[in-house]
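See structure below.
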Amino acid sequence: MRNCRFREDSVTLPIVEAPRPSLDPPGIDPAVTADWLTAFLRDELVVRRNIPRAVVGLSGGVDSALTAFLCARALGPKNVYAIRMPYATSSAASLADAQLVVDALGIECRTVEITAAVDGYLQYEPDAGGRRRGNVMARVRMVVLFDQSAKCDALPIGTGNKTERMLGYFTWHADDTPPVNPIGDLFKTQVWALARYLGVPQALVDKAPTADLEAGQTDEGDLGITYARADAIIAQLLLGYSDAQLVARGFAPDEVALIRKRVEGTHWKRHLPTTALLTSTAINEFYLRPVDF
Amino acid sequence: MRVAIVQTKPAKGRYEENLRAAVEAFAQLRDRKPDLVVFPEGAFTGYFLEGAVYDLALPAERFAKDLTAAWHEACGDAEADIVSGFFENDDGTYYNSALYLNVHGRTCRIVHVHHKMFLPTYGVFDEERFLSRGRKLGVFDTRFAKTALLVCEDVWHTIVPTIAAIKGARLIVVPSASPGRGIDGDGELSSVTRWRDILRVIAAEHGIFIIYAGLTGFEGGKGMSGSSSVIDPGGKVLVEAPQDEACIVTADIDLREIDMARAGLPLLGDLDAALPDLLLDEELPLPRGFRDAADR
């Protein structure tokens with residue numbers, strides 16, 4: 001009798017569905033990440049190199065702001081030197097935003113105009129277009145950053161995030177040159193999350209990221225895709241999903257193709273220069289020693 | 001039985017300096033009189049060595065001698081068993097090894113050397129490019145209990161601790177070096193969660209104690225995730241170290257709890273009974289002749 005009653009009462013079973021694959025960028029536990037990166041910076045600078053001071057080039061963007069916050073957390077604000085390196089056409093807002101970071105952390109800051117150095121060369125190259133000019137500026141900033149690090153007996157800290165590294169959206173042997181980078185395995189959307197957690201000034205987290213080479217320029221405009229969508233696609237591409245699988249999961253085919261093309265076309269930017277192998281003791285091919293040995 | 005785990009943050013490649021650090025750790029333990037002191041994988045050299053492993057690998061006898069001298073300097077004539085990971089040069093064959101040593105003052109006895117069987121060679125790992133695989137899973141007697149040494153990935157294949165338990169191991173000691181990763185977890189790195197899950201399941205399934213010694217410190221951006229722990233035969237974590245600090249973890253364990261756990265949950269006995277049927281399954285890729293031998 002009980003079975004009969006059960007049948008009468010249970011006409012419809014609830015259906016428990018697995019969620020659809022996420023189209024969101026990968027999440028982050030900001031507390032865990034902040035602690036891990038703080039430990040990383042202490043270990044790299046204090047324990048391994050015995051250089052407990054850092055130089056960070058502050059652009060006014062969120063990547064360098066977050067890097068400065070992490071360095072201040074790891075080394076103490078007194079051991080972090082910020083360098084602002086504006087060019088003549090850099091926006092005043094960028095300088096002001098960098099100042100917000102300096103004020104929030106109470107770190108020392110110096111402004112080094114790069115206009116004379118950049119124009120000192122470019123005067124002989126009047127036909128150089130925006131890309132070449134931007135690369136020259138980035139490389140002059142690298143020269144300043146390294147020289148300031150020698151002057152201050154401090155280590156230059158890299159500020160490139162994983163999204164721009166994967167997309168090759170940076171100047172080779174410029175933005176990627178500092179020997180230590182705490183945020184290079186964080187996607188841009190994760191940089192924003194960690195920056196919010198650590199109290200980076202809101203204006204820097206909210207504003208549209210820009211290389212600040214021309215008025216009105218934005219990263220997302222240059223790349224042709226939002227960071228949120230780019231990060232979601234890159235993250236799944238890195239896990240091994242094919243373009244067809246990504247489209248089946250709900251990503252737009254043109255965006256998947258755009259990301260794939262940028263990633264596949266920039267492997268060289270994520271490596272040291274290619275060296276001809278001639279012997280069985282070729283450096284980094286046969287002669288293998290870890291970077292911290 | 002009093003256990004101490006020395007969760008080290010070694011100076012990369014500086015063996016003598018790390019031995020000095022061990023003397024200091026032993027001295028800290030002197031008054032606690034540990035029965036067993038455990039060091040992680042790569043405890044005296046660091047883990048990611050690439051080609052430098054050939055410069056740093058030692059014969060087991062030499063490593064045993066050095067550990068004994070360090071112990072004697074700190075603790076005099078006291079007796080202790082010591083387990084540590086090390087890179088071994090066995091007459092020109094190189095292994096990622098773990099040593100079980102009985103030390104009594106100046107004298108020592110190598111109780112067992114385990115060669116790591118599963119050499120991770122994927123992603124960030126490159127062990128088999130430089131090292132040879134171990135071929136034997138040993139279970140051996142100590143002053144305290146039948147014991148097995150498993151190094152890092154050895155434990156991730158749960159059949160390995162399962163076989164160790166079937167062969168009689170009541171205590172499994174795991175020197176390890178695990179680069180922490182996974183930042184989308186809930187309050188900790190997801191690799192730390194994964195490790196704890198694996199160890200707890202193994203301990204509870206077979207009713208064994210597990211002593212896990214994790215290396216800590218960063219090596220070229222890769223942070224070893226520490227989290228050394230002692231897990232009881234019910235799968236309970238008795239103590240767990242932080243992820244990124246060098247420290248000493250201690251625990252007093254009662255080996256009789258193994259029998260109590262197995263009485264309450266006799267899974268190992270059940271497995272003993274069913275194992276022949278499982279292994280004689282003709283669909284299993286077993287070595288040629290295995291079933292013929294079983295038939296005889």
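By convention in this document, the chains of the structure tokens carry letters A, B, ... by their order, each chain's residues are numbered from 1, and ligands are numbered from 1 in the order they are shown.
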
Can you list every residue of chain A that has an atom at most 12 Å from chain B, with its nearest atom pair and the distance in Å to one decimal, using only C-alpha atoms, ordered by chain then number, as a tab-separated table?
```
residue	atom	partner	partner_atom	distance
A:Pro25	CA	B:Asp184	CA	11.1
A:Pro26	CA	B:Asp184	CA	7.4
A:Gly27	CA	B:Asp184	CA	5.5
A:Ile28	CA	B:Asp184	CA	4.4
A:Asp29	CA	B:Asp184	CA	5.3
A:Pro30	CA	B:Ile183	CA	8.0
A:Ala31	CA	B:Gly187	CA	7.4
A:Val32	CA	B:Glu188	CA	5.8
A:Thr33	CA	B:Ile183	CA	6.2
A:Ala34	CA	B:Ile183	CA	10.0
A:Asp35	CA	B:Asp244	CA	9.3
A:Trp36	CA	B:Asp244	CA	8.0
A:Leu37	CA	B:Gly223	CA	9.5
A:Thr38	CA	B:Asp244	CA	10.5
A:Ala39	CA	B:Asp244	CA	7.2
A:Phe40	CA	B:Phe218	CA	6.5
A:Leu41	CA	B:Gly221	CA	9.0
A:Arg42	CA	B:Phe218	CA	9.6
A:Asp43	CA	B:Phe218	CA	6.4
A:Glu44	CA	B:Phe218	CA	7.5
A:Leu45	CA	B:Phe218	CA	11.1
A:Val46	CA	B:Phe218	CA	11.7
A:Val47	CA	B:Ala11	CA	9.0
A:Arg48	CA	B:Ala11	CA	8.3
A:Arg49	CA	B:Gly220	CA	11.5
A:Pro179	CA	B:Gly220	CA	10.4
A:Val180	CA	B:Gly221	CA	8.4
A:Asn181	CA	B:Gly221	CA	8.8
A:Pro182	CA	B:Gly221	CA	8.5
A:Ile183	CA	B:Gly221	CA	11.0
A:Gly184	CA	B:Gly221	CA	10.5
A:Asp185	CA	B:Ile183	CA	10.4
A:Leu186	CA	B:Ile183	CA	9.6
A:Phe187	CA	B:Ile183	CA	11.7
A:Gln190	CA	B:Ile183	CA	10.0
A:Ala193	CA	B:Asp184	CA	11.8
A:Leu194	CA	B:Ile183	CA	11.2
A:Leu239	CA	B:Gly123	CA	11.8
A:Thr281	CA	B:Gly51	CA	11.2
A:Ile283	CA	B:Gly51	CA	11.3
A:Asn284	CA	B:Gly51	CA	10.0
A:Glu285	CA	B:Gly51	CA	10.6
A:Phe286	CA	B:Gly51	CA	8.4
A:Tyr287	CA	B:Gly51	CA	6.8
A:Leu288	CA	B:Gly51	CA	5.0
A:Arg289	CA	B:Glu50	CA	5.6
A:Pro290	CA	B:Leu49	CA	6.1
A:Val291	CA	B:Gly220	CA	5.9
A:Asp292	CA	B:Gly220	CA	5.2
A:Phe293	CA	B:Lys12	CA	6.0
```

Based on the selection just made, write N, CA and C atoms of those residues as a tab-separated table (two decimals), in the first residue's frame.
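Final output, out_37.tsv:
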```tsv
chain	number	residue	atom	x	y	z
A	25	PRO	N	35.77	34.80	-16.92
A	25	PRO	CA	37.20	34.62	-16.70
A	25	PRO	C	37.44	33.89	-15.38
A	26	PRO	N	38.61	33.25	-15.23
A	26	PRO	CA	38.86	32.47	-14.01
A	26	PRO	C	38.87	33.34	-12.76
A	27	GLY	N	38.34	32.80	-11.70
A	27	GLY	CA	38.26	33.55	-10.45
A	27	GLY	C	39.58	33.53	-9.70
A	28	ILE	N	39.54	34.10	-8.52
A	28	ILE	CA	40.77	34.20	-7.74
A	28	ILE	C	40.38	34.31	-6.27
A	29	ASP	N	41.18	33.67	-5.43
A	29	ASP	CA	41.06	33.91	-3.99
A	29	ASP	C	42.09	34.99	-3.67
A	30	PRO	N	41.66	36.24	-3.50
A	30	PRO	CA	42.64	37.34	-3.40
A	30	PRO	C	43.50	37.26	-2.15
A	31	ALA	N	42.96	36.76	-1.05
A	31	ALA	CA	43.76	36.69	0.18
A	31	ALA	C	44.91	35.70	0.02
A	32	VAL	N	44.58	34.52	-0.51
A	32	VAL	CA	45.60	33.49	-0.73
A	32	VAL	C	46.66	33.99	-1.71
A	33	THR	N	46.19	34.62	-2.77
A	33	THR	CA	47.11	35.10	-3.81
A	33	THR	C	48.02	36.20	-3.27
A	34	ALA	N	47.44	37.12	-2.52
A	34	ALA	CA	48.24	38.23	-1.97
A	34	ALA	C	49.32	37.68	-1.04
A	35	ASP	N	48.96	36.74	-0.21
A	35	ASP	CA	49.94	36.18	0.73
A	35	ASP	C	51.05	35.43	-0.01
A	36	TRP	N	50.65	34.68	-1.03
A	36	TRP	CA	51.63	33.89	-1.79
A	36	TRP	C	52.61	34.82	-2.51
A	37	LEU	N	52.08	35.88	-3.13
A	37	LEU	CA	52.95	36.80	-3.88
A	37	LEU	C	53.82	37.62	-2.93
A	38	THR	N	53.32	37.91	-1.77
A	38	THR	CA	54.13	38.61	-0.77
A	38	THR	C	55.31	37.73	-0.36
A	39	ALA	N	55.02	36.47	-0.11
A	39	ALA	CA	56.08	35.52	0.25
A	39	ALA	C	57.08	35.38	-0.90
A	40	PHE	N	56.55	35.34	-2.12
A	40	PHE	CA	57.40	35.23	-3.31
A	40	PHE	C	58.38	36.41	-3.39
A	41	LEU	N	57.87	37.62	-3.23
A	41	LEU	CA	58.73	38.81	-3.34
A	41	LEU	C	59.79	38.83	-2.24
A	42	ARG	N	59.38	38.49	-1.03
A	42	ARG	CA	60.36	38.45	0.07
A	42	ARG	C	61.45	37.44	-0.24
A	43	ASP	N	61.02	36.28	-0.72
A	43	ASP	CA	62.00	35.23	-0.99
A	43	ASP	C	62.96	35.63	-2.11
A	44	GLU	N	62.40	36.18	-3.19
A	44	GLU	CA	63.23	36.54	-4.34
A	44	GLU	C	64.20	37.68	-4.01
A	45	LEU	N	63.71	38.70	-3.31
A	45	LEU	CA	64.53	39.88	-3.09
A	45	LEU	C	65.38	39.77	-1.83
A	46	VAL	N	64.77	39.37	-0.75
A	46	VAL	CA	65.47	39.40	0.54
A	46	VAL	C	66.31	38.15	0.73
A	47	VAL	N	65.69	36.97	0.60
A	47	VAL	CA	66.38	35.72	0.91
A	47	VAL	C	67.39	35.38	-0.18
A	48	ARG	N	66.91	35.36	-1.41
A	48	ARG	CA	67.78	34.87	-2.49
A	48	ARG	C	68.82	35.89	-2.91
A	49	ARG	N	68.39	37.15	-3.09
A	49	ARG	CA	69.33	38.13	-3.66
A	49	ARG	C	69.91	39.09	-2.63
A	179	PRO	N	63.93	41.31	-13.71
A	179	PRO	CA	64.22	39.92	-13.37
A	179	PRO	C	63.17	39.25	-12.49
A	180	VAL	N	62.31	40.04	-11.89
A	180	VAL	CA	61.28	39.47	-11.00
A	180	VAL	C	59.93	40.10	-11.35
A	181	ASN	N	58.93	39.25	-11.51
A	181	ASN	CA	57.60	39.76	-11.83
A	181	ASN	C	56.56	39.03	-10.98
A	182	PRO	N	55.90	39.71	-10.08
A	182	PRO	CA	54.94	39.01	-9.22
A	182	PRO	C	53.58	38.75	-9.89
A	183	ILE	N	53.25	39.49	-10.97
A	183	ILE	CA	51.87	39.38	-11.48
A	183	ILE	C	51.78	38.74	-12.86
A	184	GLY	N	52.89	38.16	-13.33
A	184	GLY	CA	52.92	37.64	-14.68
A	184	GLY	C	52.08	36.39	-14.90
A	185	ASP	N	51.60	35.75	-13.84
A	185	ASP	CA	50.72	34.59	-13.99
A	185	ASP	C	49.28	34.94	-13.60
A	186	LEU	N	48.99	36.25	-13.56
A	186	LEU	CA	47.62	36.70	-13.26
A	186	LEU	C	47.01	37.34	-14.51
A	187	PHE	N	45.83	36.88	-14.88
A	187	PHE	CA	45.12	37.54	-15.97
A	187	PHE	C	44.72	38.95	-15.53
A	190	GLN	N	42.07	39.17	-13.07
A	190	GLN	CA	42.54	38.79	-11.74
A	190	GLN	C	43.36	39.91	-11.11
A	193	ALA	N	40.89	42.14	-9.58
A	193	ALA	CA	40.33	41.59	-8.33
A	193	ALA	C	41.32	41.75	-7.18
A	194	LEU	N	42.58	41.45	-7.47
A	194	LEU	CA	43.60	41.55	-6.41
A	194	LEU	C	43.84	43.01	-6.03
A	239	LEU	N	44.07	25.35	-21.26
A	239	LEU	CA	43.75	24.02	-20.73
A	239	LEU	C	43.71	22.97	-21.85
A	281	THR	N	77.16	21.09	-25.36
A	281	THR	CA	77.15	21.84	-24.09
A	281	THR	C	76.44	23.17	-24.28
A	283	ILE	N	74.19	26.26	-24.06
A	283	ILE	CA	73.57	26.83	-22.86
A	283	ILE	C	72.05	26.74	-22.96
A	284	ASN	N	71.44	26.27	-21.90
A	284	ASN	CA	69.98	26.12	-21.79
A	284	ASN	C	69.40	25.03	-22.70
A	285	GLU	N	70.27	24.33	-23.43
A	285	GLU	CA	69.82	23.19	-24.23
A	285	GLU	C	70.41	21.90	-23.63
A	286	PHE	N	71.73	21.91	-23.44
A	286	PHE	CA	72.41	20.79	-22.78
A	286	PHE	C	72.88	21.21	-21.38
A	287	TYR	N	73.47	22.39	-21.33
A	287	TYR	CA	73.92	22.89	-20.01
A	287	TYR	C	72.72	23.52	-19.32
A	288	LEU	N	72.19	22.81	-18.33
A	288	LEU	CA	70.92	23.21	-17.73
A	288	LEU	C	71.10	23.49	-16.25
A	289	ARG	N	70.92	24.74	-15.88
A	289	ARG	CA	70.96	25.11	-14.47
A	289	ARG	C	69.76	25.99	-14.19
A	290	PRO	N	69.09	25.77	-13.07
A	290	PRO	CA	67.92	26.60	-12.77
A	290	PRO	C	68.31	28.05	-12.50
A	291	VAL	N	67.37	28.94	-12.68
A	291	VAL	CA	67.64	30.38	-12.59
A	291	VAL	C	68.10	30.77	-11.19
A	292	ASP	N	67.71	30.02	-10.19
A	292	ASP	CA	68.05	30.40	-8.82
A	292	ASP	C	69.24	29.62	-8.28
A	293	PHE	N	69.96	28.93	-9.18
A	293	PHE	CA	71.05	28.10	-8.67
A	293	PHE	C	72.28	28.95	-8.36
```

List as a list of chain:residue names the protein and nucleic acid residues near Thr177 in chain A, meaning an atom at most 9 Å away when only C-alpha atoms are counted, but skip any in the same chain fewer than 2 places from it.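 Surrounding residues, per the criterion: A:Met142, A:Pro156, A:Ile157, A:Gly158, A:Trp172, A:His173, A:Ala174, A:Asp175, A:Pro179, A:Val180.
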
So, counting only C-alpha atoms, which residue among B:Ala78, B:Cys247, B:Leu267, B:Ile172 is closest to Ala4 in chain B? B:Cys247

Find the residues near range 94-98 of chain A: any atom within 12 Å, counting only C-alpha atoms, skip ones fewer than 5 places away on the same chain, and give them as a count of residues only. 46

In Å, how far is it from CA of Val143 in chain A to CA of Ser90 in chain A?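 These atoms are spaced 18.0 Å apart.
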
Per DSSP on the backbone, what are the helix (DSSP H, G or I) residues of range 5-137 of chain A, as a tab-separated table (two decimals) with N, CA and C atoms, in the first residue's frame?
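out15.tsv was written with the following content:
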```tsv
chain	number	residue	atom	x	y	z
A	5	ARG	N	0.89	4.56	-2.68
A	5	ARG	CA	0.77	5.99	-2.30
A	5	ARG	C	1.98	6.77	-2.84
A	6	PHE	N	3.15	6.14	-2.77
A	6	PHE	CA	4.38	6.81	-3.25
A	6	PHE	C	4.24	7.18	-4.72
A	7	ARG	N	3.71	6.23	-5.50
A	7	ARG	CA	3.56	6.49	-6.94
A	7	ARG	C	2.60	7.65	-7.18
A	8	GLU	N	1.50	7.67	-6.42
A	8	GLU	CA	0.52	8.74	-6.62
A	8	GLU	C	1.11	10.10	-6.30
A	9	ASP	N	1.95	10.14	-5.23
A	9	ASP	CA	2.45	11.43	-4.77
A	9	ASP	C	3.64	11.92	-5.59
A	30	PRO	N	41.66	36.24	-3.50
A	30	PRO	CA	42.64	37.34	-3.40
A	30	PRO	C	43.50	37.26	-2.15
A	31	ALA	N	42.96	36.76	-1.05
A	31	ALA	CA	43.76	36.69	0.18
A	31	ALA	C	44.91	35.70	0.02
A	32	VAL	N	44.58	34.52	-0.51
A	32	VAL	CA	45.60	33.49	-0.73
A	32	VAL	C	46.66	33.99	-1.71
A	33	THR	N	46.19	34.62	-2.77
A	33	THR	CA	47.11	35.10	-3.81
A	33	THR	C	48.02	36.20	-3.27
A	34	ALA	N	47.44	37.12	-2.52
A	34	ALA	CA	48.24	38.23	-1.97
A	34	ALA	C	49.32	37.68	-1.04
A	35	ASP	N	48.96	36.74	-0.21
A	35	ASP	CA	49.94	36.18	0.73
A	35	ASP	C	51.05	35.43	-0.01
A	36	TRP	N	50.65	34.68	-1.03
A	36	TRP	CA	51.63	33.89	-1.79
A	36	TRP	C	52.61	34.82	-2.51
A	37	LEU	N	52.08	35.88	-3.13
A	37	LEU	CA	52.95	36.80	-3.88
A	37	LEU	C	53.82	37.62	-2.93
A	38	THR	N	53.32	37.91	-1.77
A	38	THR	CA	54.13	38.61	-0.77
A	38	THR	C	55.31	37.73	-0.36
A	39	ALA	N	55.02	36.47	-0.11
A	39	ALA	CA	56.08	35.52	0.25
A	39	ALA	C	57.08	35.38	-0.90
A	40	PHE	N	56.55	35.34	-2.12
A	40	PHE	CA	57.40	35.23	-3.31
A	40	PHE	C	58.38	36.41	-3.39
A	41	LEU	N	57.87	37.62	-3.23
A	41	LEU	CA	58.73	38.81	-3.34
A	41	LEU	C	59.79	38.83	-2.24
A	42	ARG	N	59.38	38.49	-1.03
A	42	ARG	CA	60.36	38.45	0.07
A	42	ARG	C	61.45	37.44	-0.24
A	43	ASP	N	61.02	36.28	-0.72
A	43	ASP	CA	62.00	35.23	-0.99
A	43	ASP	C	62.96	35.63	-2.11
A	44	GLU	N	62.40	36.18	-3.19
A	44	GLU	CA	63.23	36.54	-4.34
A	44	GLU	C	64.20	37.68	-4.01
A	45	LEU	N	63.71	38.70	-3.31
A	45	LEU	CA	64.53	39.88	-3.09
A	45	LEU	C	65.38	39.77	-1.83
A	46	VAL	N	64.77	39.37	-0.75
A	46	VAL	CA	65.47	39.40	0.54
A	46	VAL	C	66.31	38.15	0.73
A	47	VAL	N	65.69	36.97	0.60
A	47	VAL	CA	66.38	35.72	0.91
A	47	VAL	C	67.39	35.38	-0.18
A	48	ARG	N	66.91	35.36	-1.41
A	48	ARG	CA	67.78	34.87	-2.49
A	48	ARG	C	68.82	35.89	-2.91
A	62	VAL	N	46.76	50.02	-13.61
A	62	VAL	CA	46.49	49.15	-12.46
A	62	VAL	C	47.59	48.10	-12.26
A	63	ASP	N	48.25	47.67	-13.34
A	63	ASP	CA	49.28	46.64	-13.20
A	63	ASP	C	50.45	47.13	-12.33
A	64	SER	N	50.98	48.29	-12.69
A	64	SER	CA	52.12	48.80	-11.92
A	64	SER	C	51.67	49.23	-10.53
A	65	ALA	N	50.43	49.70	-10.40
A	65	ALA	CA	49.92	50.07	-9.08
A	65	ALA	C	49.85	48.85	-8.17
A	66	LEU	N	49.30	47.75	-8.71
A	66	LEU	CA	49.22	46.53	-7.92
A	66	LEU	C	50.62	46.04	-7.54
A	67	THR	N	51.53	46.10	-8.50
A	67	THR	CA	52.90	45.66	-8.23
A	67	THR	C	53.51	46.48	-7.10
A	68	ALA	N	53.29	47.79	-7.12
A	68	ALA	CA	53.82	48.65	-6.05
A	68	ALA	C	53.19	48.28	-4.71
A	69	PHE	N	51.89	48.01	-4.72
A	69	PHE	CA	51.23	47.61	-3.47
A	69	PHE	C	51.81	46.30	-2.94
A	70	LEU	N	52.03	45.35	-3.83
A	70	LEU	CA	52.60	44.06	-3.38
A	70	LEU	C	54.01	44.25	-2.84
A	71	CYS	N	54.80	45.10	-3.52
A	71	CYS	CA	56.17	45.33	-3.07
A	71	CYS	C	56.16	46.01	-1.69
A	72	ALA	N	55.27	46.98	-1.52
A	72	ALA	CA	55.20	47.67	-0.23
A	72	ALA	C	54.80	46.70	0.87
A	73	ARG	N	53.90	45.78	0.53
A	73	ARG	CA	53.45	44.78	1.50
A	73	ARG	C	54.61	43.84	1.87
A	74	ALA	N	55.41	43.48	0.86
A	74	ALA	CA	56.47	42.50	1.10
A	74	ALA	C	57.71	43.13	1.74
A	75	LEU	N	58.04	44.34	1.35
A	75	LEU	CA	59.33	44.92	1.72
A	75	LEU	C	59.20	46.11	2.65
A	77	PRO	N	57.01	50.06	2.81
A	77	PRO	CA	56.95	51.20	1.88
A	77	PRO	C	58.29	51.92	1.74
A	78	LYS	N	59.10	51.93	2.79
A	78	LYS	CA	60.38	52.65	2.70
A	78	LYS	C	61.34	52.01	1.71
A	79	ASN	N	61.07	50.78	1.35
A	79	ASN	CA	61.98	50.07	0.45
A	79	ASN	C	61.46	49.97	-0.98
A	92	ALA	N	48.07	63.76	-18.65
A	92	ALA	CA	48.25	64.28	-17.29
A	92	ALA	C	47.54	63.39	-16.29
A	93	ALA	N	46.45	62.76	-16.72
A	93	ALA	CA	45.68	61.89	-15.83
A	93	ALA	C	46.54	60.71	-15.38
A	94	SER	N	47.40	60.21	-16.27
A	94	SER	CA	48.25	59.08	-15.89
A	94	SER	C	49.21	59.47	-14.77
A	95	LEU	N	49.80	60.64	-14.91
A	95	LEU	CA	50.70	61.12	-13.86
A	95	LEU	C	49.96	61.28	-12.54
A	96	ALA	N	48.76	61.83	-12.62
A	96	ALA	CA	47.96	62.05	-11.40
A	96	ALA	C	47.57	60.72	-10.76
A	97	ASP	N	47.21	59.75	-11.60
A	97	ASP	CA	46.82	58.44	-11.05
A	97	ASP	C	48.01	57.74	-10.40
A	98	ALA	N	49.18	57.88	-11.01
A	98	ALA	CA	50.38	57.31	-10.39
A	98	ALA	C	50.62	57.97	-9.03
A	99	GLN	N	50.34	59.27	-8.96
A	99	GLN	CA	50.54	59.98	-7.69
A	99	GLN	C	49.60	59.43	-6.61
A	100	LEU	N	48.40	59.01	-7.02
A	100	LEU	CA	47.47	58.43	-6.04
A	100	LEU	C	48.10	57.21	-5.35
A	101	VAL	N	48.82	56.41	-6.14
A	101	VAL	CA	49.48	55.22	-5.59
A	101	VAL	C	50.58	55.63	-4.63
A	102	VAL	N	51.37	56.60	-5.06
A	102	VAL	CA	52.47	57.10	-4.21
A	102	VAL	C	51.91	57.59	-2.88
A	103	ASP	N	50.83	58.37	-2.95
A	103	ASP	CA	50.24	58.92	-1.72
A	103	ASP	C	49.63	57.82	-0.85
A	104	ALA	N	48.98	56.87	-1.50
A	104	ALA	CA	48.31	55.81	-0.72
A	104	ALA	C	49.33	54.97	0.04
A	105	LEU	N	50.49	54.74	-0.58
A	105	LEU	CA	51.48	53.85	0.04
A	105	LEU	C	52.52	54.61	0.86
A	115	THR	N	61.16	62.38	-22.53
A	115	THR	CA	60.96	63.05	-23.83
A	115	THR	C	62.29	63.34	-24.53
A	116	ALA	N	63.23	63.93	-23.81
A	116	ALA	CA	64.50	64.31	-24.46
A	116	ALA	C	65.23	63.08	-24.97
A	117	ALA	N	65.23	62.01	-24.16
A	117	ALA	CA	65.94	60.79	-24.58
A	117	ALA	C	65.27	60.17	-25.81
A	118	VAL	N	63.95	60.10	-25.77
A	118	VAL	CA	63.22	59.48	-26.90
A	118	VAL	C	63.39	60.33	-28.15
A	119	ASP	N	63.19	61.65	-28.01
A	119	ASP	CA	63.28	62.52	-29.19
A	119	ASP	C	64.71	62.65	-29.69
A	120	GLY	N	65.67	62.48	-28.74
A	120	GLY	CA	67.07	62.52	-29.15
A	120	GLY	C	67.37	61.50	-30.24
A	121	TYR	N	66.72	60.38	-30.17
A	121	TYR	CA	66.87	59.38	-31.23
A	121	TYR	C	65.87	59.61	-32.36
A	122	LEU	N	64.62	59.81	-32.00
A	122	LEU	CA	63.57	59.85	-33.04
A	122	LEU	C	63.69	61.04	-33.98
A	130	GLY	N	53.46	55.15	-35.10
A	130	GLY	CA	53.07	55.00	-33.69
A	130	GLY	C	53.69	53.79	-33.03
A	131	ARG	N	53.71	52.66	-33.74
A	131	ARG	CA	54.22	51.43	-33.12
A	131	ARG	C	55.72	51.57	-32.80
A	132	ARG	N	56.45	52.09	-33.77
A	132	ARG	CA	57.90	52.25	-33.52
A	132	ARG	C	58.15	53.25	-32.41
A	133	ARG	N	57.41	54.33	-32.43
A	133	ARG	CA	57.60	55.36	-31.39
A	133	ARG	C	57.27	54.78	-30.01
A	134	GLY	N	56.19	54.00	-29.97
A	134	GLY	CA	55.80	53.39	-28.69
A	134	GLY	C	56.87	52.43	-28.18
A	135	ASN	N	57.45	51.65	-29.10
A	135	ASN	CA	58.50	50.72	-28.70
A	135	ASN	C	59.74	51.44	-28.20
A	136	VAL	N	60.08	52.54	-28.86
A	136	VAL	CA	61.24	53.32	-28.40
A	136	VAL	C	60.98	53.85	-26.99
A	137	MET	N	59.77	54.37	-26.76
A	137	MET	CA	59.45	54.88	-25.42
A	137	MET	C	59.56	53.75	-24.38
```

Write out as number ranges by chain the residues lying within 9 Å of Ile110 in chain B, counting only C-alpha atoms and excluding same-chain residues fewer than 3 positions away. B: 60-61, 64, 99-103, 113

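The spacing separating CA of Asn18 in chain B from CA of Thr45 in chain B amounts to 7.4 Å.
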
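Minimum atom-to-atom distance to Leu272 in chain A, evaluated using only C-alpha atoms, belongs to A:Asp176 out of A:Asp176, A:Gly221, A:Asp153, A:Ile234.
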
So how far away is CA of Phe125 in chain B from CA of Thr274 in chain A, in Å?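 Between these atoms lies a distance of 22.8 Å.
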
Run DSSP on the backbone of this structure and report the residues of range 16-220 of chain B it assigns to strand (DSSP E), as an NGL selection string. :B and (36-38 or 79-90 or 93-104 or 107-115 or 139-140 or 147-149 or 171-176 or 209-214 or 216-219)
